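Text of query-v1.pdb, listed as PDB, C-alpha atoms:
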ATOM      1  CA  ASP A 270     -35.260 -15.511  51.766  1.00  0.00           C
ATOM      2  CA  SER A 271     -32.810 -13.342  53.728  1.00  0.00           C
ATOM      3  CA  ALA A 272     -30.319 -13.588  50.836  1.00  0.00           C
ATOM      4  CA  LEU A 273     -32.944 -12.171  48.500  1.00  0.00           C
ATOM      5  CA  VAL A 274     -33.661  -9.292  50.880  1.00  0.00           C
ATOM      6  CA  GLN A 275     -29.934  -8.628  51.226  1.00  0.00           C
ATOM      7  CA  PHE A 276     -29.511  -8.704  47.427  1.00  0.00           C
ATOM      8  CA  LYS A 277     -32.386  -6.265  46.920  1.00  0.00           C
ATOM      9  CA  THR A 278     -30.902  -3.941  49.538  1.00  0.00           C
ATOM     10  CA  LEU A 279     -27.433  -4.025  47.940  1.00  0.00           C
ATOM     11  CA  TYR A 280     -28.910  -3.612  44.472  1.00  0.00           C
ATOM     12  CA  GLY A 281     -30.930  -0.586  45.589  1.00  0.00           C
ATOM     13  CA  GLU A 282     -27.885   0.996  47.240  1.00  0.00           C
ATOM     14  CA  ALA A 283     -25.703   0.353  44.197  1.00  0.00           C
ATOM     15  CA  ARG A 284     -28.322   1.804  41.880  1.00  0.00           C
ATOM     16  CA  ALA A 285     -28.694   4.912  44.049  1.00  0.00           C
ATOM     17  CA  SER A 286     -24.917   5.272  44.236  1.00  0.00           C
ATOM     18  CA  LEU A 287     -24.550   4.892  40.469  1.00  0.00           C
ATOM     19  CA  TYR A 288     -27.228   7.504  39.881  1.00  0.00           C
ATOM     20  CA  ALA A 289     -25.596   9.887  42.364  1.00  0.00           C
ATOM     21  CA  ASP A 290     -22.187   9.393  40.725  1.00  0.00           C
ATOM     22  CA  ALA A 291     -23.651   9.924  37.256  1.00  0.00           C
ATOM     23  CA  MET A 292     -25.453  13.084  38.318  1.00  0.00           C
ATOM     24  CA  GLY A 293     -22.293  14.340  40.009  1.00  0.00           C
ATOM     25  CA  PHE A 294     -20.407  13.789  36.756  1.00  0.00           C
ATOM     26  CA  VAL A 295     -23.080  15.540  34.690  1.00  0.00           C
ATOM     27  CA  HIS A 296     -23.137  18.552  36.991  1.00  0.00           C
ATOM     28  CA  ALA A 297     -19.331  18.743  37.135  1.00  0.00           C
ATOM     29  CA  VAL A 298     -19.005  18.997  33.349  1.00  0.00           C
ATOM     30  CA  ASP A 299     -19.622  22.466  31.942  1.00  0.00           C
ATOM     31  CA  LEU A 300     -21.234  21.763  28.568  1.00  0.00           C
ATOM     32  CA  THR A 301     -21.130  25.454  27.651  1.00  0.00           C
ATOM     33  CA  GLU A 302     -17.380  25.237  27.023  1.00  0.00           C
ATOM     34  CA  ARG A 303     -16.718  25.483  23.295  1.00  0.00           C
ATOM     35  CA  TRP A 304     -14.467  22.443  23.093  1.00  0.00           C
ATOM     36  CA  LEU A 305     -17.064  20.252  24.781  1.00  0.00           C
ATOM     37  CA  THR A 306     -19.727  21.561  22.421  1.00  0.00           C
ATOM     38  CA  ALA A 307     -17.392  20.771  19.520  1.00  0.00           C
ATOM     39  CA  LEU A 308     -16.804  17.270  20.929  1.00  0.00           C
ATOM     40  CA  LEU A 309     -20.535  16.620  21.150  1.00  0.00           C
ATOM     41  CA  ALA A 310     -21.013  18.042  17.640  1.00  0.00           C
ATOM     42  CA  PHE A 311     -18.280  15.678  16.421  1.00  0.00           C
ATOM     43  CA  HIS A 312     -20.112  12.698  17.900  1.00  0.00           C
ATOM     44  CA  VAL A 313     -23.415  13.777  16.357  1.00  0.00           C
ATOM     45  CA  ALA A 314     -21.757  14.347  12.954  1.00  0.00           C
ATOM     46  CA  LEU A 315     -20.061  10.945  13.123  1.00  0.00           C
ATOM     47  CA  PHE A 316     -23.332   9.228  13.997  1.00  0.00           C
ATOM     48  CA  LEU A 317     -25.114  10.983  11.122  1.00  0.00           C
ATOM     49  CA  SER A 318     -22.268   9.995   8.774  1.00  0.00           C
ATOM     50  CA  ILE A 319     -22.676   6.378   9.786  1.00  0.00           C
ATOM     51  CA  VAL A 320     -26.407   6.511   9.153  1.00  0.00           C
ATOM     52  CA  ALA A 321     -25.960   8.376   5.839  1.00  0.00           C
ATOM     53  CA  THR A 322     -23.396   5.871   4.536  1.00  0.00           C
ATOM     54  CA  ARG A 323     -25.203   2.751   5.731  1.00  0.00           C
ATOM     55  CA  HIS A 324     -25.512   1.455   2.147  1.00  0.00           C
ATOM     56  CA  SER A 325     -21.825   1.968   1.319  1.00  0.00           C
ATOM     57  CA  THR A 326     -19.669  -0.862   2.612  1.00  0.00           C
ATOM     58  CA  ASN A 327     -16.433   0.933   1.764  1.00  0.00           C
ATOM     59  CA  ALA A 328     -17.438   4.115   3.576  1.00  0.00           C
ATOM     60  CA  GLN A 329     -18.554   2.083   6.584  1.00  0.00           C
ATOM     61  CA  GLY A 330     -15.205   0.284   6.619  1.00  0.00           C
ATOM     62  CA  VAL A 331     -13.297   3.562   6.558  1.00  0.00           C
ATOM     63  CA  LEU A 332     -15.481   4.979   9.331  1.00  0.00           C
ATOM     64  CA  PHE A 333     -15.006   1.836  11.427  1.00  0.00           C
ATOM     65  CA  LEU A 334     -11.227   1.987  11.001  1.00  0.00           C
ATOM     66  CA  GLY A 335     -11.229   5.673  11.970  1.00  0.00           C
ATOM     67  CA  ILE A 336     -13.355   4.945  15.032  1.00  0.00           C
ATOM     68  CA  VAL A 337     -11.051   2.148  16.172  1.00  0.00           C
ATOM     69  CA  ILE A 338      -7.997   4.374  15.743  1.00  0.00           C
ATOM     70  CA  ALA A 339      -9.731   7.184  17.655  1.00  0.00           C
ATOM     71  CA  ILE A 340     -10.527   4.813  20.528  1.00  0.00           C
ATOM     72  CA  TYR A 341      -6.924   3.600  20.520  1.00  0.00           C
ATOM     73  CA  THR A 342      -5.685   7.194  20.908  1.00  0.00           C
ATOM     74  CA  ALA A 343      -7.885   7.868  23.965  1.00  0.00           C
ATOM     75  CA  GLU A 344      -5.101   7.297  26.492  1.00  0.00           C
ATOM     76  CA  TRP A 345      -2.713   9.528  24.573  1.00  0.00           C
ATOM     77  CA  LEU A 346      -5.372  12.238  24.208  1.00  0.00           C
ATOM     78  CA  ASN A 347      -6.105  12.027  27.939  1.00  0.00           C
ATOM     79  CA  GLY A 348      -2.414  12.622  28.729  1.00  0.00           C
ATOM     80  CA  LEU A 349      -2.255  15.492  26.267  1.00  0.00           C
ATOM     81  CA  GLY A 350      -5.396  17.024  27.756  1.00  0.00           C
ATOM     82  CA  ALA A 351      -4.038  16.665  31.293  1.00  0.00           C
ATOM     83  CA  ALA A 352      -0.838  18.466  30.287  1.00  0.00           C
ATOM     84  CA  ARG A 353      -2.523  21.334  28.419  1.00  0.00           C
ATOM     85  CA  TRP A 354      -6.028  21.694  29.871  1.00  0.00           C
ATOM     86  CA  GLU A 355      -5.517  25.335  30.905  1.00  0.00           C
ATOM     87  CA  SER A 356      -5.297  26.451  27.266  1.00  0.00           C
ATOM     88  CA  PHE A 357      -8.766  25.194  26.294  1.00  0.00           C
ATOM     89  CA  ALA A 358     -10.797  24.226  29.395  1.00  0.00           C
ATOM     90  CA  GLY A 359     -12.075  25.925  32.504  1.00  0.00           C
ATOM     91  CA  GLN A 360     -11.157  22.948  34.704  1.00  0.00           C
ATOM     92  CA  ASN A 361      -9.041  19.808  34.492  1.00  0.00           C
ATOM     93  CA  TYR A 362     -11.295  16.989  33.318  1.00  0.00           C
ATOM     94  CA  PHE A 363      -8.396  14.647  32.561  1.00  0.00           C
ATOM     95  CA  ASP A 364      -7.692  12.389  35.541  1.00  0.00           C
ATOM     96  CA  LYS A 365      -5.053   9.658  35.551  1.00  0.00           C
ATOM     97  CA  HIS A 366      -7.694   6.923  35.204  1.00  0.00           C
ATOM     98  CA  GLY A 367      -9.221   8.494  32.091  1.00  0.00           C
ATOM     99  CA  VAL A 368     -12.823   8.473  33.330  1.00  0.00           C
ATOM    100  CA  PHE A 369     -13.722  11.643  31.449  1.00  0.00           C
ATOM    101  CA  MET A 370     -12.181  10.382  28.212  1.00  0.00           C
ATOM    102  CA  SER A 371     -13.924   7.054  28.650  1.00  0.00           C
ATOM    103  CA  VAL A 372     -17.328   8.639  29.130  1.00  0.00           C
ATOM    104  CA  LEU A 373     -17.219  11.482  26.607  1.00  0.00           C
ATOM    105  CA  TRP A 374     -14.791  10.111  24.028  1.00  0.00           C
ATOM    106  CA  SER A 375     -14.538   6.313  24.014  1.00  0.00           C
ATOM    107  CA  ALA A 376     -18.092   5.327  25.009  1.00  0.00           C
ATOM    108  CA  PRO A 377     -19.797   7.216  22.147  1.00  0.00           C
ATOM    109  CA  LEU A 378     -17.165   5.913  19.730  1.00  0.00           C
ATOM    110  CA  LEU A 379     -17.740   2.353  20.933  1.00  0.00           C
ATOM    111  CA  GLY A 380     -21.465   2.872  20.388  1.00  0.00           C
ATOM    112  CA  ASP A 381     -20.757   4.090  16.871  1.00  0.00           C
ATOM    113  CA  ALA A 382     -18.472   1.118  16.188  1.00  0.00           C
ATOM    114  CA  PHE A 383     -21.211  -1.217  17.417  1.00  0.00           C
ATOM    115  CA  LEU A 384     -23.668   0.496  15.065  1.00  0.00           C
ATOM    116  CA  VAL A 385     -21.293  -0.001  12.125  1.00  0.00           C
ATOM    117  CA  ILE A 386     -20.999  -3.702  13.007  1.00  0.00           C
ATOM    118  CA  VAL A 387     -24.783  -4.072  13.266  1.00  0.00           C
ATOM    119  CA  LEU A 388     -25.223  -2.371   9.886  1.00  0.00           C
ATOM    120  CA  ALA A 389     -22.551  -4.635   8.377  1.00  0.00           C
ATOM    121  CA  LEU A 390     -24.310  -7.710   9.747  1.00  0.00           C
ATOM    122  CA  ARG A 391     -27.614  -6.460   8.351  1.00  0.00           C
ATOM    123  CA  SER A 392     -26.024  -5.866   4.968  1.00  0.00           C
ATOM    124  CA  THR A 393     -24.468  -9.330   5.044  1.00  0.00           C
ATOM    125  CA  ALA A 394     -27.790 -10.942   5.918  1.00  0.00           C
ATOM    126  CA  ASN A 395     -29.541  -9.062   3.097  1.00  0.00           C
ATOM    127  CA  LEU A 396     -26.830 -10.141   0.659  1.00  0.00           C
ATOM    128  CA  LEU A 397     -27.181 -13.748   1.789  1.00  0.00           C
ATOM    129  CA  VAL A 398     -30.945 -13.627   1.204  1.00  0.00           C
ATOM    130  CA  THR A 399     -30.408 -12.137  -2.273  1.00  0.00           C
ATOM    131  CA  VAL A 400     -27.848 -14.790  -3.212  1.00  0.00           C
ATOM    132  CA  LYS A 401     -30.065 -17.608  -1.938  1.00  0.00           C
ATOM    133  CA  ARG A 402     -33.052 -16.290  -3.919  1.00  0.00           C
ATOM    134  CA  LEU A 403     -30.938 -16.158  -7.078  1.00  0.00           C
ATOM    135  CA  GLU A 404     -29.658 -19.669  -6.380  1.00  0.00           C
ATOM    136  CA  LEU A 405     -33.204 -21.012  -5.939  1.00  0.00           C
ATOM    137  CA  ARG A 406     -34.353 -19.259  -9.116  1.00  0.00           C
ATOM    138  CA  GLN A 407     -31.411 -20.735 -11.026  1.00  0.00           C
ATOM    139  CA  ASN A 408     -32.154 -24.215  -9.626  1.00  0.00           C
ATOM    140  CA  ARG A 409     -35.813 -23.878 -10.677  1.00  0.00           C
ATOM    141  CA  ARG A 410     -34.803 -22.873 -14.196  1.00  0.00           C
ATOM    142  CA  ALA A 411     -32.337 -25.749 -14.422  1.00  0.00           C
ATOM    143  CA  ALA A 412     -34.987 -28.194 -13.180  1.00  0.00           C
ATOM    144  CA  SER A 413     -37.616 -26.969 -15.632  1.00  0.00           C
ATOM    145  CA  SER A 414     -35.074 -27.056 -18.461  1.00  0.00           C
ATOM    146  CA  ALA A 415     -34.097 -30.613 -17.550  1.00  0.00           C
ATOM    147  CA  ALA A 416     -37.768 -31.647 -17.408  1.00  0.00           C
ATOM    148  CA  GLY A 417     -38.300 -30.194 -20.873  1.00  0.00           C
ATOM    149  CA  GLN A 418     -35.319 -32.097 -22.227  1.00  0.00           C
ATOM    150  CA  ASN A 419     -36.606 -35.303 -20.639  1.00  0.00           C
ATOM    151  CA  ARG A 420     -39.994 -34.853 -22.346  1.00  0.00           C
ATOM    152  CA  ARG A 421     -38.337 -34.252 -25.706  1.00  0.00           C
ATOM    153  CA  ALA A 422     -36.103 -37.270 -25.209  1.00  0.00           C
ATOM    154  CA  ALA A 423     -39.059 -39.457 -24.252  1.00  0.00           C
ATOM    155  CA  SER A 424     -41.079 -38.375 -27.273  1.00  0.00           C
ATOM    156  CA  SER A 425     -38.179 -38.948 -29.654  1.00  0.00           C
ATOM    157  CA  ALA A 426     -37.547 -42.394 -28.149  1.00  0.00           C
ATOM    158  CA  ALA A 427     -41.138 -43.379 -28.968  1.00  0.00           C
ATOM    159  CA  GLY A 428     -40.222 -43.010 -32.594  1.00  0.00           C
ATOM    160  CA  PRO A 429     -41.020 -40.485 -35.205  1.00  0.00           C
ATOM    161  CA  THR A 430     -44.621 -39.836 -35.748  1.00  0.00           C
ATOM    162  CA  ASN A 431     -45.407 -39.192 -39.308  1.00  0.00           C
ATOM    163  CA  ASP A 432     -48.818 -37.864 -40.133  1.00  0.00           C
ATOM    164  CA  ARG A 433     -48.676 -39.300 -43.674  1.00  0.00           C
ATOM    165  CA  GLN A 434     -48.299 -42.829 -42.361  1.00  0.00           C
ATOM    166  CA  LYS A 435     -51.470 -42.476 -40.316  1.00  0.00           C
ATOM    167  CA  ASP A 436     -53.436 -41.379 -43.387  1.00  0.00           C
ATOM    168  CA  ASP A 437     -52.403 -44.427 -45.445  1.00  0.00           C
TER
END
Conversion result in structure tokens:
Amino acid sequence: DSALVQFKTLYGEARASLYADAMGFVHAVDLTERWLTALLAFHVALFLSIVATRHSTNAQGVLFLGIVIAIYTAEWLNGLGAARWESFAGQNYFDKHGVFMSVLWSAPLLGDAFLVIVLALRSTANLLVTVKRLELRQNRRAASSAAGQNRRAASSAAGPTNDRQKDD
């Protein structure tokens, strides 16, 4: 019982601390800076591109590859930003741990990559359903064709029926 109370207390403190840290981060970032607006516009445009090309496997593959490469370059971009932040930003957002790049660059890209994977899985599942339906339809046709051949074979094995012989 005391362990549960202690857990609830620690959980509440951690949640409050996380919220305070998140709000501190949000208030520290000046979203009116043009480069940050452009970064957010890039993420919105990329998301819309993913949604718009959801039926094109090739386009989704290219987007996924680009996203993975962009995530891979995050550390390099963070170093470049730390070295040259005065030329484009009002303050240095680029710390040695890359928190800013993780939150505003890599996290949205990871979300986009996850979306591409989910769309690929959905497309794969739909394709599997289509193939299975075609397979079942083909099996039904083959079965009905075989049944028809069996009936013809059975009637021919009974011997020829000649209407003239019946009349005589």
Problem - Given only C-alpha atoms as the counted atoms, nearest of A:Val295, A:Tyr288, A:Leu405, A:Arg391 to A:Phe369 - result: A:Val295
Practice task
With the file shown as input, list the residues that the PyMOL selection byres ((chain A and resi 376-388) around 12) selects, as a PyMOL selection string.
Solution key: chain A and resi 308-343+367-375+389-395
Handout entry: Coordinates-based distance that separates atom CA of A:Ser286 from atom CA of A:Leu300 (Å, one decimal)
Key =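 Answer for the atom CA of A:Leu300 to atom CA of A:Ser286 separation: 23.0 Å.
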Fill in the blank from the handout: A straight line from atom CA of A:Arg353 to atom CA of A:Met292 spans 26.3 Å
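With distances taken over all atoms listed in the file, A:Asp364 is the one residue among A:Arg410, A:Leu397, A:Asp364, A:Arg284 lying closest to A:Ala352.
The gap separating atom CA of A:Gln360 from atom CA of A:Leu346 is 16.1 Å, in Å to one decimal.
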Please write out, as AutoDock Vina command-line options, where the centre of an axis-aligned box around all listed atoms of stretch 299-310 of chain A lies and how long its edges are, in Å to one decimal, after adding 4 Å on each side.
--center_x -17.9 --center_y 21.1 --center_z 24.8 --size_x 14.8 --size_y 16.9 --size_z 22.3
